[in-house]
file work07.txt (compact mmCIF, C-alpha atoms)
# COMPACT_ATOMS: atom_id res chain seq x y z
CA MET U 1 0.00 0.00 0.00
CA VAL U 2 1.07 3.60 -0.47
CA GLU U 3 1.22 6.36 2.11
CA TRP U 4 0.25 9.78 0.84
CA GLU U 5 0.59 13.20 2.34
CA GLY U 6 -0.93 16.17 0.59
CA GLY U 7 -0.85 14.38 -2.76
CA GLY U 8 2.87 13.58 -2.64
CA LEU U 9 4.35 10.11 -2.43
CA MET U 10 5.80 9.68 1.08
CA GLY U 11 6.69 5.97 1.25
CA LYS U 12 5.15 2.52 1.43
CA ARG U 13 2.97 0.94 4.11
CA ARG U 14 2.53 -2.80 4.49
CA PHE U 15 -1.13 -2.27 5.45
CA GLY U 16 -3.52 0.60 4.83
CA MET U 17 -3.07 4.11 3.55
CA VAL U 18 -2.81 7.55 5.14
CA ARG U 19 -3.46 10.81 3.34
CA LYS U 20 -3.50 14.43 4.38
CA LEU U 21 -6.78 16.24 3.86
CA PRO U 22 -7.14 19.90 2.74
CA SER U 23 -8.11 20.68 6.33
CA GLY U 24 -4.67 19.59 7.50
CA ARG U 25 -5.97 16.51 9.32
CA PHE U 26 -5.11 12.95 8.32
CA GLN U 27 -7.37 10.19 7.05
CA ALA U 28 -6.59 6.47 7.43
CA SER U 29 -8.13 3.78 5.22
CA PHE U 30 -7.67 0.11 4.39
CA ILE U 31 -9.09 -2.77 2.35
CA PRO U 32 -11.00 -5.15 4.67
CA PRO U 33 -10.25 -8.89 4.79
CA GLY U 34 -11.67 -10.68 1.79
CA GLY U 35 -11.59 -7.51 -0.31
CA GLY U 36 -14.48 -5.17 -0.96
CA ALA U 37 -14.73 -1.40 -0.81
CA ARG U 38 -12.00 0.56 0.96
CA GLN U 39 -12.96 1.54 4.50
CA THR U 40 -11.91 4.71 6.26
CA ALA U 41 -11.46 5.30 9.97
CA PRO U 42 -14.62 6.62 11.67
CA HIS U 43 -12.81 9.90 12.37
CA THR U 44 -9.82 11.87 11.10
CA PHE U 45 -6.55 12.34 13.01
CA LYS U 46 -4.58 15.38 14.10
CA THR U 47 -1.24 13.82 13.17
CA LYS U 48 0.04 11.26 10.70
CA THR U 49 1.44 9.27 13.63
CA ASP U 50 -2.04 8.92 15.15
CA ALA U 51 -3.43 7.72 11.81
CA ASN U 52 -0.63 5.17 11.47
CA ARG U 53 -1.20 3.97 15.03
CA TRP U 54 -4.91 3.39 14.28
CA LEU U 55 -4.04 1.32 11.20
CA THR U 56 -1.56 -0.71 13.25
CA LEU U 57 -4.31 -1.55 15.75
CA VAL U 58 -6.70 -2.54 12.95
CA GLU U 59 -4.04 -4.78 11.39
CA ALA U 60 -3.41 -6.43 14.77
CA ASP U 61 -7.15 -7.10 15.24
CA ILE U 62 -7.35 -8.67 11.79
CA SER U 63 -4.35 -10.92 12.47
CA ARG U 64 -5.89 -12.06 15.80
CA GLY U 65 -9.29 -12.62 14.20
CA THR U 66 -10.94 -10.05 16.46
CA TRP U 67 -11.49 -7.31 13.88
CA LEU U 68 -15.08 -6.15 13.52
CA ASP U 69 -16.52 -4.61 10.38
CA ASP U 70 -17.44 -1.15 11.61
CA ARG U 71 -19.15 -0.18 8.37
CA ALA U 72 -21.35 -3.29 8.43
CA ALA U 73 -22.12 -2.68 12.11
CA SER U 74 -23.75 0.62 11.18
CA GLU U 75 -26.42 -1.28 9.22
CA THR U 76 -29.83 -1.31 10.89
CA PHE U 77 -31.16 -4.48 12.43
CA GLY U 78 -34.23 -4.31 10.20
CA ASN U 79 -32.28 -4.22 6.93
CA TYR U 80 -29.87 -6.92 8.07
CA ALA U 81 -32.71 -9.17 9.27
CA ARG U 82 -34.59 -8.81 5.97
CA ALA U 83 -31.43 -9.70 4.05
CA ILE U 84 -31.05 -12.89 6.10
CA LEU U 85 -34.69 -13.83 5.48
CA ARG U 86 -34.14 -13.24 1.77
CA ASP U 87 -30.83 -15.10 1.44
CA SER U 88 -30.90 -18.02 3.90
CA PRO U 89 -31.72 -21.34 2.18
CA LYS U 90 -32.51 -22.97 5.55
CA ILE U 91 -35.50 -20.76 6.34
CA GLY U 92 -38.78 -22.30 5.17
CA ILE U 93 -41.54 -20.20 3.68
CA ARG U 94 -43.87 -20.49 6.69
CA TRP U 95 -41.15 -19.58 9.18
CA ARG U 96 -40.11 -16.71 6.89
CA GLU U 97 -43.68 -15.41 6.90
CA THR U 98 -43.80 -15.71 10.71
CA CYS U 99 -40.53 -13.79 11.08
CA GLU U 100 -41.65 -11.07 8.68
CA ARG U 101 -44.87 -10.65 10.67
CA ASN U 102 -43.00 -10.51 13.98
CA LEU U 103 -40.48 -8.08 12.53
CA ARG U 104 -43.37 -5.83 11.61
CA LEU U 105 -45.36 -6.22 14.84
CA HIS U 106 -43.15 -7.14 17.79
CA LEU U 107 -39.62 -6.21 16.72
CA ALA U 108 -40.61 -2.81 15.32
CA PRO U 109 -38.82 -0.88 18.16
CA LEU U 110 -35.51 -2.44 17.10
CA VAL U 111 -35.86 -2.21 13.32
CA GLY U 112 -34.11 1.17 13.04
CA VAL U 113 -31.37 0.43 15.59
CA SER U 114 -27.89 -0.24 14.19
CA LEU U 115 -26.32 -3.62 14.87
CA ARG U 116 -23.56 -1.83 16.79
CA GLU U 117 -26.06 -0.18 19.13
CA LEU U 118 -28.12 -3.30 19.78
CA SER U 119 -26.74 -4.01 23.25
CA ALA U 120 -27.79 -6.62 25.81
CA SER U 121 -29.53 -3.96 27.91
CA ARG U 122 -31.44 -2.71 24.87
CA VAL U 123 -32.60 -6.24 24.08
CA ARG U 124 -33.63 -6.74 27.71
CA GLU U 125 -35.64 -3.50 27.70
CA TRP U 126 -37.33 -4.45 24.43
CA HIS U 127 -38.24 -7.91 25.74
CA ALA U 128 -39.65 -6.57 29.00
CA ALA U 129 -41.78 -4.01 27.13
CA ALA U 130 -43.01 -6.69 24.72
CA LEU U 131 -44.13 -8.90 27.61
CA ARG U 132 -46.06 -5.97 29.10
CA GLY U 133 -47.80 -5.35 25.78
CA LYS U 134 -50.66 -7.12 24.08
CA GLY U 135 -48.62 -9.64 22.14
CA GLY U 136 -48.94 -13.34 22.88
CA ARG U 137 -46.13 -15.15 24.69
CA THR U 138 -45.63 -17.53 21.78
CA SER U 139 -45.15 -14.76 19.19
CA ILE U 140 -42.81 -12.85 21.54
CA SER U 141 -40.76 -16.03 22.04
CA GLN U 142 -40.63 -16.53 18.27
CA SER U 143 -39.52 -12.90 17.85
CA TYR U 144 -36.73 -13.36 20.38
CA ARG U 145 -35.51 -16.55 18.68
CA PHE U 146 -35.40 -14.76 15.35
CA LEU U 147 -33.56 -11.80 16.89
CA ARG U 148 -31.04 -14.19 18.47
CA MET U 149 -30.54 -16.01 15.16
CA VAL U 150 -29.93 -12.75 13.27
CA MET U 151 -27.40 -11.56 15.86
CA ASN U 152 -25.66 -14.95 15.84
CA THR U 153 -25.20 -14.47 12.10
CA ALA U 154 -23.74 -11.00 12.72
CA VAL U 155 -21.22 -12.55 15.15
CA ARG U 156 -20.22 -15.20 12.60
CA GLU U 157 -19.79 -12.55 9.90
CA GLY U 158 -17.49 -10.47 12.12
CA ILE U 159 -19.90 -7.55 12.43
CA ILE U 160 -20.34 -7.66 16.22
CA ALA U 161 -18.24 -9.32 18.91
CA ARG U 162 -20.97 -10.90 21.02
CA ASN U 163 -24.64 -11.74 20.69
CA PRO U 164 -26.65 -9.30 22.84
CA CYS U 165 -29.49 -11.82 23.30
CA GLN U 166 -28.61 -13.09 26.78
CA ILE U 167 -32.03 -13.54 28.45
CA PRO U 168 -32.32 -17.08 29.87
CA GLY U 169 -35.41 -18.91 28.61
CA ALA U 170 -36.72 -16.01 26.52
CA GLY U 171 -36.87 -18.16 23.40
CA THR U 172 -38.76 -20.97 25.10
CA VAL U 173 -42.50 -21.13 25.69
CA ARG U 174 -43.91 -23.57 28.19
CA VAL U 175 -47.05 -24.90 26.59
CA ALA U 176 -49.74 -26.94 28.23
CA GLU U 177 -49.50 -30.68 27.76
CA ARG U 178 -51.33 -31.58 24.58
CA PRO U 179 -54.24 -34.02 24.89
CA VAL U 180 -53.89 -37.63 23.82
CA ALA U 181 -56.99 -39.15 22.25
CA THR U 182 -57.98 -42.70 23.07
CA PRO U 183 -58.39 -45.26 20.28
CA ALA U 184 -62.16 -45.04 20.85
CA GLN U 185 -62.07 -41.27 20.38
CA VAL U 186 -60.14 -41.67 17.13
CA VAL U 187 -62.87 -44.03 15.92
CA ALA U 188 -65.50 -41.46 16.90
CA LEU U 189 -63.70 -38.76 14.92
CA VAL U 190 -63.46 -41.05 11.89
CA ASP U 191 -67.18 -41.72 12.07
CA ALA U 192 -68.01 -38.02 12.45
CA ILE U 193 -65.83 -36.52 9.72
CA THR U 194 -66.74 -36.25 6.03
CA PRO U 195 -66.10 -39.75 4.58
CA ARG U 196 -63.50 -38.61 2.04
CA TYR U 197 -61.29 -37.39 4.91
CA ARG U 198 -61.60 -40.42 7.20
CA THR U 199 -58.38 -41.98 5.99
CA ALA U 200 -56.53 -38.71 6.60
CA VAL U 201 -57.53 -38.88 10.27
CA LEU U 202 -56.41 -42.50 10.50
CA ILE U 203 -53.05 -41.80 8.85
CA ALA U 204 -52.45 -38.85 11.16
CA ALA U 205 -53.34 -40.83 14.27
CA TRP U 206 -51.78 -44.21 13.51
CA CYS U 207 -48.93 -43.34 11.13
CA GLY U 208 -47.91 -40.00 12.64
CA LEU U 209 -48.00 -37.88 9.49
CA ARG U 210 -48.27 -34.12 9.62
CA ARG U 211 -51.10 -32.35 7.83
CA GLY U 212 -48.77 -31.08 5.08
CA GLU U 213 -47.33 -34.57 4.60
CA ILE U 214 -50.82 -36.02 4.25
CA ALA U 215 -51.78 -33.39 1.66
CA GLY U 216 -48.57 -34.12 -0.25
CA LEU U 217 -49.11 -37.89 -0.57
CA ARG U 218 -49.39 -39.45 -4.02
CA VAL U 219 -51.21 -42.65 -4.90
CA ALA U 220 -47.82 -44.14 -5.78
CA ASP U 221 -46.67 -43.52 -2.20
CA VAL U 222 -49.03 -46.23 -0.91
CA ASP U 223 -47.95 -49.86 -1.16
CA LEU U 224 -50.81 -52.14 -0.10
CA THR U 225 -48.71 -55.23 -0.76
CA GLN U 226 -46.14 -54.22 1.83
CA HIS U 227 -48.68 -52.17 3.85
CA THR U 228 -46.53 -49.04 3.78
CA ILE U 229 -46.80 -45.32 3.13
CA THR U 230 -43.74 -43.40 1.93
CA VAL U 231 -43.39 -39.70 2.68
CA ARG U 232 -41.50 -37.97 -0.12
CA LYS U 233 -42.99 -34.46 -0.17
CA ALA U 234 -44.98 -32.08 2.01
CA ARG U 235 -47.62 -29.64 0.79
CA VAL U 236 -46.86 -26.01 1.69
CA GLU U 237 -49.51 -23.29 1.67
CA PRO U 238 -48.13 -19.75 2.14
CA LEU U 239 -50.23 -17.77 4.63
CA HIS U 240 -50.32 -14.68 2.42
CA ALA U 241 -50.91 -16.56 -0.83
CA PRO U 242 -52.86 -19.76 -0.11
CA GLY U 243 -53.62 -20.20 -3.79
CA GLN U 244 -49.91 -20.64 -4.52
CA ALA U 245 -49.46 -23.96 -2.67
CA PHE U 246 -46.62 -26.20 -3.74
CA ASP U 247 -44.89 -29.45 -2.80
CA LYS U 248 -41.43 -29.42 -1.24
CA ASP U 249 -38.98 -31.83 0.29
CA PRO U 250 -39.26 -32.42 4.05
CA LYS U 251 -37.08 -30.22 6.27
CA SER U 252 -34.51 -32.97 6.75
CA GLU U 253 -33.56 -36.28 5.17
CA ALA U 254 -35.15 -37.99 8.19
CA GLY U 255 -38.50 -36.59 7.01
CA LYS U 256 -38.31 -38.79 3.93
CA ARG U 257 -39.43 -42.10 5.37
CA THR U 258 -41.43 -45.25 4.81
CA ILE U 259 -43.96 -46.11 7.53
CA THR U 260 -45.75 -49.39 8.07
CA ILE U 261 -49.53 -49.00 8.18
CA PRO U 262 -51.12 -50.74 11.20
CA PRO U 263 -53.18 -53.72 9.95
CA HIS U 264 -56.49 -52.31 11.23
CA VAL U 265 -56.01 -49.20 9.07
CA VAL U 266 -55.17 -51.00 5.81
CA PRO U 267 -58.79 -51.79 4.78
CA LEU U 268 -59.82 -48.14 5.03
CA VAL U 269 -56.76 -47.03 3.04
CA ARG U 270 -57.75 -49.54 0.34
CA LEU U 271 -61.34 -48.24 0.39
CA HIS U 272 -60.08 -44.67 0.06
CA LEU U 273 -57.96 -45.60 -2.95
CA ASP U 274 -60.97 -47.17 -4.65
CA THR U 275 -63.45 -44.42 -3.78
CA TYR U 276 -61.90 -41.00 -3.11
CA ALA U 277 -58.31 -40.86 -4.36
CA GLY U 278 -57.41 -38.78 -7.41
CA LYS U 279 -55.60 -40.08 -10.44
CA ASP U 280 -52.26 -38.97 -9.02
CA ARG U 281 -52.82 -37.63 -5.52
CA LEU U 282 -54.06 -39.70 -2.61
CA PHE U 283 -56.17 -36.87 -1.21
CA VAL U 284 -58.12 -34.45 -3.38
CA SER U 285 -60.95 -32.03 -2.84
CA ARG U 286 -64.42 -32.63 -4.26
CA ASP U 287 -63.47 -30.85 -7.50
CA GLY U 288 -60.39 -33.08 -7.97
CA THR U 289 -57.84 -30.40 -7.09
CA PRO U 290 -55.06 -31.13 -4.56
CA LEU U 291 -56.40 -31.19 -1.01
CA ARG U 292 -55.92 -27.91 0.82
CA GLY U 293 -54.77 -28.17 4.40
CA ASN U 294 -57.40 -25.69 5.52
CA THR U 295 -60.17 -27.78 3.93
CA LEU U 296 -59.07 -30.79 5.94
CA TYR U 297 -58.74 -28.67 9.07
CA GLN U 298 -62.27 -27.26 8.79
CA ALA U 299 -63.70 -30.75 8.26
CA PHE U 300 -61.81 -31.90 11.36
CA VAL U 301 -63.12 -28.96 13.43
CA ARG U 302 -66.70 -29.89 12.56
CA ALA U 303 -66.07 -33.54 13.47
CA ARG U 304 -64.40 -32.84 16.80
CA LYS U 305 -67.28 -30.58 17.77
CA LYS U 306 -69.74 -33.39 17.08
CA VAL U 307 -67.91 -35.79 19.41
CA GLY U 308 -67.11 -33.26 22.16
CA LEU U 309 -63.33 -33.01 21.58
CA ASP U 310 -63.11 -29.25 21.07
CA ASP U 311 -59.62 -29.04 22.64
CA LEU U 312 -58.09 -31.59 20.29
CA ALA U 313 -56.03 -30.11 17.45
CA PHE U 314 -55.38 -32.00 14.23
CA HIS U 315 -51.69 -32.16 15.08
CA ASP U 316 -52.66 -33.86 18.36
CA LEU U 317 -53.58 -36.91 16.28
CA ARG U 318 -49.89 -37.29 15.44
CA HIS U 319 -49.12 -36.82 19.11
CA THR U 320 -51.70 -39.47 19.99
CA GLY U 321 -50.39 -42.15 17.66
CA GLN U 322 -46.79 -41.74 18.68
CA THR U 323 -47.56 -41.63 22.40
CA LEU U 324 -49.49 -44.88 22.08
CA ALA U 325 -46.65 -46.32 20.00
CA ALA U 326 -44.27 -45.48 22.85
CA GLN U 327 -46.52 -47.39 25.23
CA THR U 328 -46.26 -50.51 23.06
CA GLY U 329 -42.52 -50.53 23.76
CA ALA U 330 -41.29 -48.46 20.80
CA THR U 331 -37.79 -47.11 21.46
CA LEU U 332 -36.65 -43.55 20.93
CA ALA U 333 -34.97 -44.63 17.69
CA ASP U 334 -38.22 -46.27 16.54
CA LEU U 335 -40.15 -43.08 17.17
CA MET U 336 -37.55 -40.89 15.45
CA LYS U 337 -37.83 -43.02 12.32
CA ARG U 338 -41.61 -43.14 12.37
CA LEU U 339 -41.99 -39.42 13.08
CA GLY U 340 -39.33 -38.29 10.65
CA HIS U 341 -37.37 -36.48 13.35
CA SER U 342 -33.64 -35.92 13.07
CA SER U 343 -33.20 -35.06 16.75
CA MET U 344 -33.93 -37.05 19.89
CA ALA U 345 -35.38 -34.02 21.66
CA ALA U 346 -38.36 -33.81 19.30
CA ALA U 347 -39.20 -37.53 19.50
CA ARG U 348 -38.73 -37.65 23.27
CA ARG U 349 -41.91 -35.58 23.74
CA TYR U 350 -43.94 -38.65 22.87
CA LEU U 351 -42.47 -40.86 25.59
CA HIS U 352 -45.22 -39.90 28.03
CA ALA U 353 -47.04 -41.96 30.61
CA VAL U 354 -50.71 -42.59 29.93
CA ASP U 355 -53.44 -43.22 32.47
CA GLY U 356 -52.83 -46.49 34.28
CA ARG U 357 -49.20 -46.88 33.20
CA ASP U 358 -47.75 -45.61 36.48
CA ARG U 359 -49.96 -48.01 38.45
CA GLU U 360 -48.76 -50.87 36.24
CA ILE U 361 -45.15 -49.95 37.00
CA ALA U 362 -45.87 -49.65 40.72
CA ASN U 363 -47.42 -53.14 40.75
CA ALA U 364 -44.36 -54.50 38.96
CA LEU U 365 -42.08 -52.94 41.58
CA SER U 366 -44.05 -54.72 44.30
CA GLU U 367 -43.58 -57.96 42.41
CA LEU U 368 -39.84 -57.30 42.36
CA ALA U 369 -39.79 -56.52 46.08
CA ALA U 370 -41.67 -59.72 46.88
CA HIS U 371 -39.43 -62.01 44.87
CA GLY U 372 -36.13 -60.13 45.21
CA ASP U 373 -35.08 -61.17 41.74
CA VAL U 374 -34.99 -58.74 38.81
CA ALA U 375 -35.42 -61.69 36.46
CA ARG U 376 -38.93 -62.13 37.91
CA LEU U 377 -39.96 -58.64 36.75
CA PRO U 378 -43.09 -59.08 34.61
CA ARG U 379 -42.11 -59.11 30.95
CA HIS U 380 -44.91 -56.81 29.83
CA ILE U 381 -43.12 -53.84 31.45
CA THR U 382 -40.73 -52.24 28.98
CA MET U 383 -37.66 -50.53 30.42
CA ARG U 384 -36.45 -47.48 28.45
CA ASN U 385 -34.03 -44.66 29.00
call {"tool": "encode", "arguments": {"input": "work07.txt", "output": "C-alpha cells"}}
result
Amino acid sequence: MVEWEGGGLMGKRRFGMVRKLPSGRFQASFIPPGGGARQTAPHTFKTKTDANRWLTLVEADISRGTWLDDRAASETFGNYARAILRDSPKIGIRWRETCERNLRLHLAPLVGVSLRELSASRVREWHAAALRGKGGRTSISQSYRFLRMVMNTAVREGIIARNPCQIPGAGTVRVAERPVATPAQVVALVDAITPRYRTAVLIAAWCGLRRGEIAGLRVADVDLTQHTITVRKARVEPLHAPGQAFDKDPKSEAGKRTITIPPHVVPLVRLHLDTYAGKDRLFVSRDGTPLRGNTLYQAFVRARKKVGLDDLAFHDLRHTGQTLAAQTGATLADLMKRLGHSSMAAARRYLHAVDGRDREIANALSELAAHGDVARLPRHITMRN
C-alpha cells in the first residue's frame, strides 16, 4: 500500500493508507479482509502518527481474528434481518412469513437500531416491554428466537463481537401438555368426519403424518402389498398466498421415510384408494384439485365438535399415535424413524405416561420386592431410558 501526504508520495505501508486532507488533518483507510470497498477510519486524526497507530491496531485485530466490520455494524437491524430472510436457504416459507410478521409487529422498536447499538440492555428493555404489551407469549418467544438467530449471524460474519441476546429462557415457551386421544375417540372422529377425509384422520393418528405430509401424498406412495406409506414431499400453503401452494422436500432427510400402516387401518386405506383418491394424488378435494390443508382442518373442526373433543387439534392426532406407540414398547430410535425427526429431543416428547401406566409400573415394583429377583420382573413392562 502507499502512504500519501498532501498528494505527494511519502513511502510505502505494508497495510492501509494515510493521506492528508485539505483541512490539515489525516485520514486512514484500508481494504477489509476478503476484499471489498476501501474503509476509512470513523474519524480523522490530528497527526500522521495517530493515523498510522490506528491502522496498526486494525491490522493487529485482523491478524488475531478479532477485527469487527465497523461499516457493516452501522447497518440497521431491520435491513440486516430482511437480508437474512431473503438469502438463507434454511428458512422455510412459513417460518419466513412468521418472522416477517413478527419483525413488523413485535420487533418494530428495534428495526431502526444499528447492529452496533443493539446491546444486551437494549434487548432486555425491548423484551420486558413486549411482555407488558398485548402480544402473545408464543409470538414474543418466536420474535426473540429470530432476533437471536440474526445476531448470531452477525457474530459469525465479524460484524459484532458478542450476541446481545442473553435472556435465559426467553426463546422458550412452556405450553400446556397436549391431549392424547384414546383409540375409541379416534374411531369417533373417523365416524363423524366427512367420509372422504376419514383416511386422513387415521393416517395422522396411527402413522404420525403431519397435515402437510398427508396433503402431499401421491397414490404411488401407498404400497398395499407391503402395507406401507412413503413420505417424499410435504404440501406447503403460504399464509399470504394460499392459492400458490406447492410441494417441497421435508425439512430434513429424516423426514423422507417409509412407515408401516397398522393392519387395522389398511382396509380403510384400500377403500379410500378405490373411492376418493385422485388419479395422481391420494387426497383431493371434491373438484379433484389437490387437497388444501385448511379444507381438511375445517372438516376436522366440525367432526371434533360433534364428538365433544373441542380441545383436540389435528396435530394432536400425530401426538396421539406416537404416544401410544411409545406405550407398546417403541424405542426412541423407533419413534424418530416413524416421526421423521432428526433429533432425539423432538421424538422424546412422545415418551409420556398414559393413564394407568404408572400403576402398572408400581405393581411390577411390588412384584420385584416380593421375589427379590430382577429376572422375575413381569415381561410386559418395557424398560427405556
call {"tool": "closest_residue", "arguments": {"input": "work07.txt", "among": "U:Met17, U:Val113, U:Ala181, U:Leu202", "to": "Asp316 of chain U", "atoms": "all atoms listed in the file"}}
result
U:Ala181
call {"tool": "residues_around", "arguments": {"input": "work07.txt", "residues": "Ala170 of chain U", "least_positions_apart": "4", "cutoff": "9 Å", "atoms": "all atoms listed in the file", "output": "PyMOL selection string"}}
result
chain U and resi 127+140-141+144-145+165-166
call {"tool": "residues_near_point", "arguments": {"input": "work07.txt", "point": "(-58.7, -34.0, -1.5)", "cutoff": "12 Å", "atoms": "all atoms listed in the file", "output": "PyMOL selection string"}}
result
chain U and resi 194-200+214-219+272-273+275-297+299
call {"tool": "closest_atom_pairs", "arguments": {"input": "work07.txt", "of": "segment 245-331 of chain U", "to": "segment 75-94 of chain U", "cutoff": "12 Å", "atoms": "all atoms listed in the file", "output": "tab-separated table"}}
result
residue	atom	partner	partner_atom	distance
U:Ala245	CA	U:Ile93	CA	10.8
U:Phe246	CA	U:Ile93	CA	10.8
U:Asp247	CA	U:Ile93	CA	11.8
U:Lys248	CA	U:Gly92	CA	9.9
U:Asp249	CA	U:Gly92	CA	10.7
U:Pro250	CA	U:Gly92	CA	10.2
U:Lys251	CA	U:Gly92	CA	8.2
U:Ser252	CA	U:Lys90	CA	10.3
call {"tool": "atom_distance", "arguments": {"input": "work07.txt", "atom1": "atom CA of Ala120 of chain U", "atom2": "atom CA of Val58 of chain U"}}
result
25.0 Å
call {"tool": "atom_distance", "arguments": {"input": "work07.txt", "atom1": "atom CA of Pro262 of chain U", "atom2": "atom CA of His227 of chain U"}}
result
7.9 Å
call {"tool": "residues_around", "arguments": {"input": "work07.txt", "residues": "Ala154 of chain U", "least_positions_apart": "4", "cutoff": "9 Å", "atoms": "all atoms listed in the file", "output": "PyMOL selection string"}}
result
chain U and resi 73+80+115+149-150+158-163
call {"tool": "atom_distance", "arguments": {"input": "work07.txt", "atom1": "atom CA of Phe26 of chain U", "atom2": "atom CA of Gln39 of chain U"}}
result
14.4 Å
call {"tool": "closest_residue", "arguments": {"input": "work07.txt", "among": "U:Cys207, U:Arg318, U:Thr49, U:Ala37", "to": "His264 of chain U", "atoms": "only C-alpha atoms"}}
result
U:Cys207
call {"tool": "closest_residue", "arguments": {"input": "work07.txt", "among": "U:Ala303, U:Gly321, U:Trp126, U:Gly169", "to": "Val111 of chain U", "atoms": "all atoms listed in the file"}}
result
U:Trp126
call {"tool": "closest_residue", "arguments": {"input": "work07.txt", "among": "U:Thr56, U:Ser114, U:Asn102, U:Thr44", "to": "Arg71 of chain U", "atoms": "all atoms listed in the file"}}
result
U:Ser114
call {"tool": "closest_residue", "arguments": {"input": "work07.txt", "among": "U:Val155, U:Leu339, U:Ala325, U:Leu118", "to": "Val231 of chain U", "atoms": "only C-alpha atoms"}}
result
U:Leu339
call {"tool": "decode", "arguments": {"input": "work07.txt", "residues": "segment 19-35 of chain U", "atoms": "N, CA and C atoms", "output": "mmCIF file, in the first residue's frame"}}
result
data_model
loop_
_atom_site.group_PDB
_atom_site.id
_atom_site.type_symbol
_atom_site.label_atom_id
_atom_site.label_comp_id
_atom_site.auth_asym_id
_atom_site.auth_seq_id
_atom_site.Cartn_x
_atom_site.Cartn_y
_atom_site.Cartn_z
ATOM 1 N N ARG U 19 -3.595 9.622 4.189
ATOM 2 C CA ARG U 19 -3.458 10.806 3.343
ATOM 3 C C ARG U 19 -3.854 12.047 4.117
ATOM 4 N N LYS U 20 -3.221 13.162 3.722
ATOM 5 C CA LYS U 20 -3.503 14.430 4.377
ATOM 6 C C LYS U 20 -4.638 15.142 3.658
ATOM 7 N N LEU U 21 -5.612 15.574 4.435
ATOM 8 C CA LEU U 21 -6.777 16.242 3.857
ATOM 9 C C LEU U 21 -6.512 17.736 3.713
ATOM 10 N N PRO U 22 -7.294 18.440 2.885
ATOM 11 C CA PRO U 22 -7.136 19.897 2.741
ATOM 12 C C PRO U 22 -7.241 20.631 4.082
ATOM 13 N N SER U 23 -7.955 20.045 5.019
ATOM 14 C CA SER U 23 -8.114 20.683 6.325
ATOM 15 C C SER U 23 -6.860 20.606 7.172
ATOM 16 N N GLY U 24 -5.886 19.778 6.724
ATOM 17 C CA GLY U 24 -4.674 19.593 7.504
ATOM 18 C C GLY U 24 -4.711 18.360 8.390
ATOM 19 N N ARG U 25 -5.868 17.731 8.535
ATOM 20 C CA ARG U 25 -5.972 16.510 9.317
ATOM 21 C C ARG U 25 -5.672 15.309 8.424
ATOM 22 N N PHE U 26 -5.516 14.146 9.048
ATOM 23 C CA PHE U 26 -5.108 12.945 8.320
ATOM 24 C C PHE U 26 -6.223 11.899 8.328
ATOM 25 N N GLN U 27 -6.363 11.244 7.202
ATOM 26 C CA GLN U 27 -7.367 10.189 7.049
ATOM 27 C C GLN U 27 -6.673 8.845 6.832
ATOM 28 N N ALA U 28 -7.140 7.829 7.570
ATOM 29 C CA ALA U 28 -6.591 6.468 7.430
ATOM 30 C C ALA U 28 -7.638 5.586 6.771
ATOM 31 N N SER U 29 -7.199 4.693 5.888
ATOM 32 C CA SER U 29 -8.129 3.777 5.219
ATOM 33 C C SER U 29 -7.433 2.452 4.936
ATOM 34 N N PHE U 30 -8.227 1.436 4.656
ATOM 35 C CA PHE U 30 -7.666 0.108 4.392
ATOM 36 C C PHE U 30 -8.690 -0.722 3.621
ATOM 37 N N ILE U 31 -8.216 -1.800 3.006
ATOM 38 C CA ILE U 31 -9.088 -2.772 2.349
ATOM 39 C C ILE U 31 -9.397 -3.874 3.361
ATOM 40 N N PRO U 32 -10.660 -4.141 3.652
ATOM 41 C CA PRO U 32 -11.001 -5.150 4.671
ATOM 42 C C PRO U 32 -10.640 -6.557 4.214
ATOM 43 N N PRO U 33 -10.544 -7.502 5.145
ATOM 44 C CA PRO U 33 -10.250 -8.892 4.793
ATOM 45 C C PRO U 33 -11.261 -9.421 3.777
ATOM 46 N N GLY U 34 -10.773 -10.137 2.797
ATOM 47 C CA GLY U 34 -11.672 -10.676 1.787
ATOM 48 C C GLY U 34 -11.956 -9.710 0.663
ATOM 49 N N GLY U 35 -11.378 -8.498 0.737
ATOM 50 C CA GLY U 35 -11.593 -7.512 -0.308
ATOM 51 C C GLY U 35 -12.829 -6.667 -0.065
#
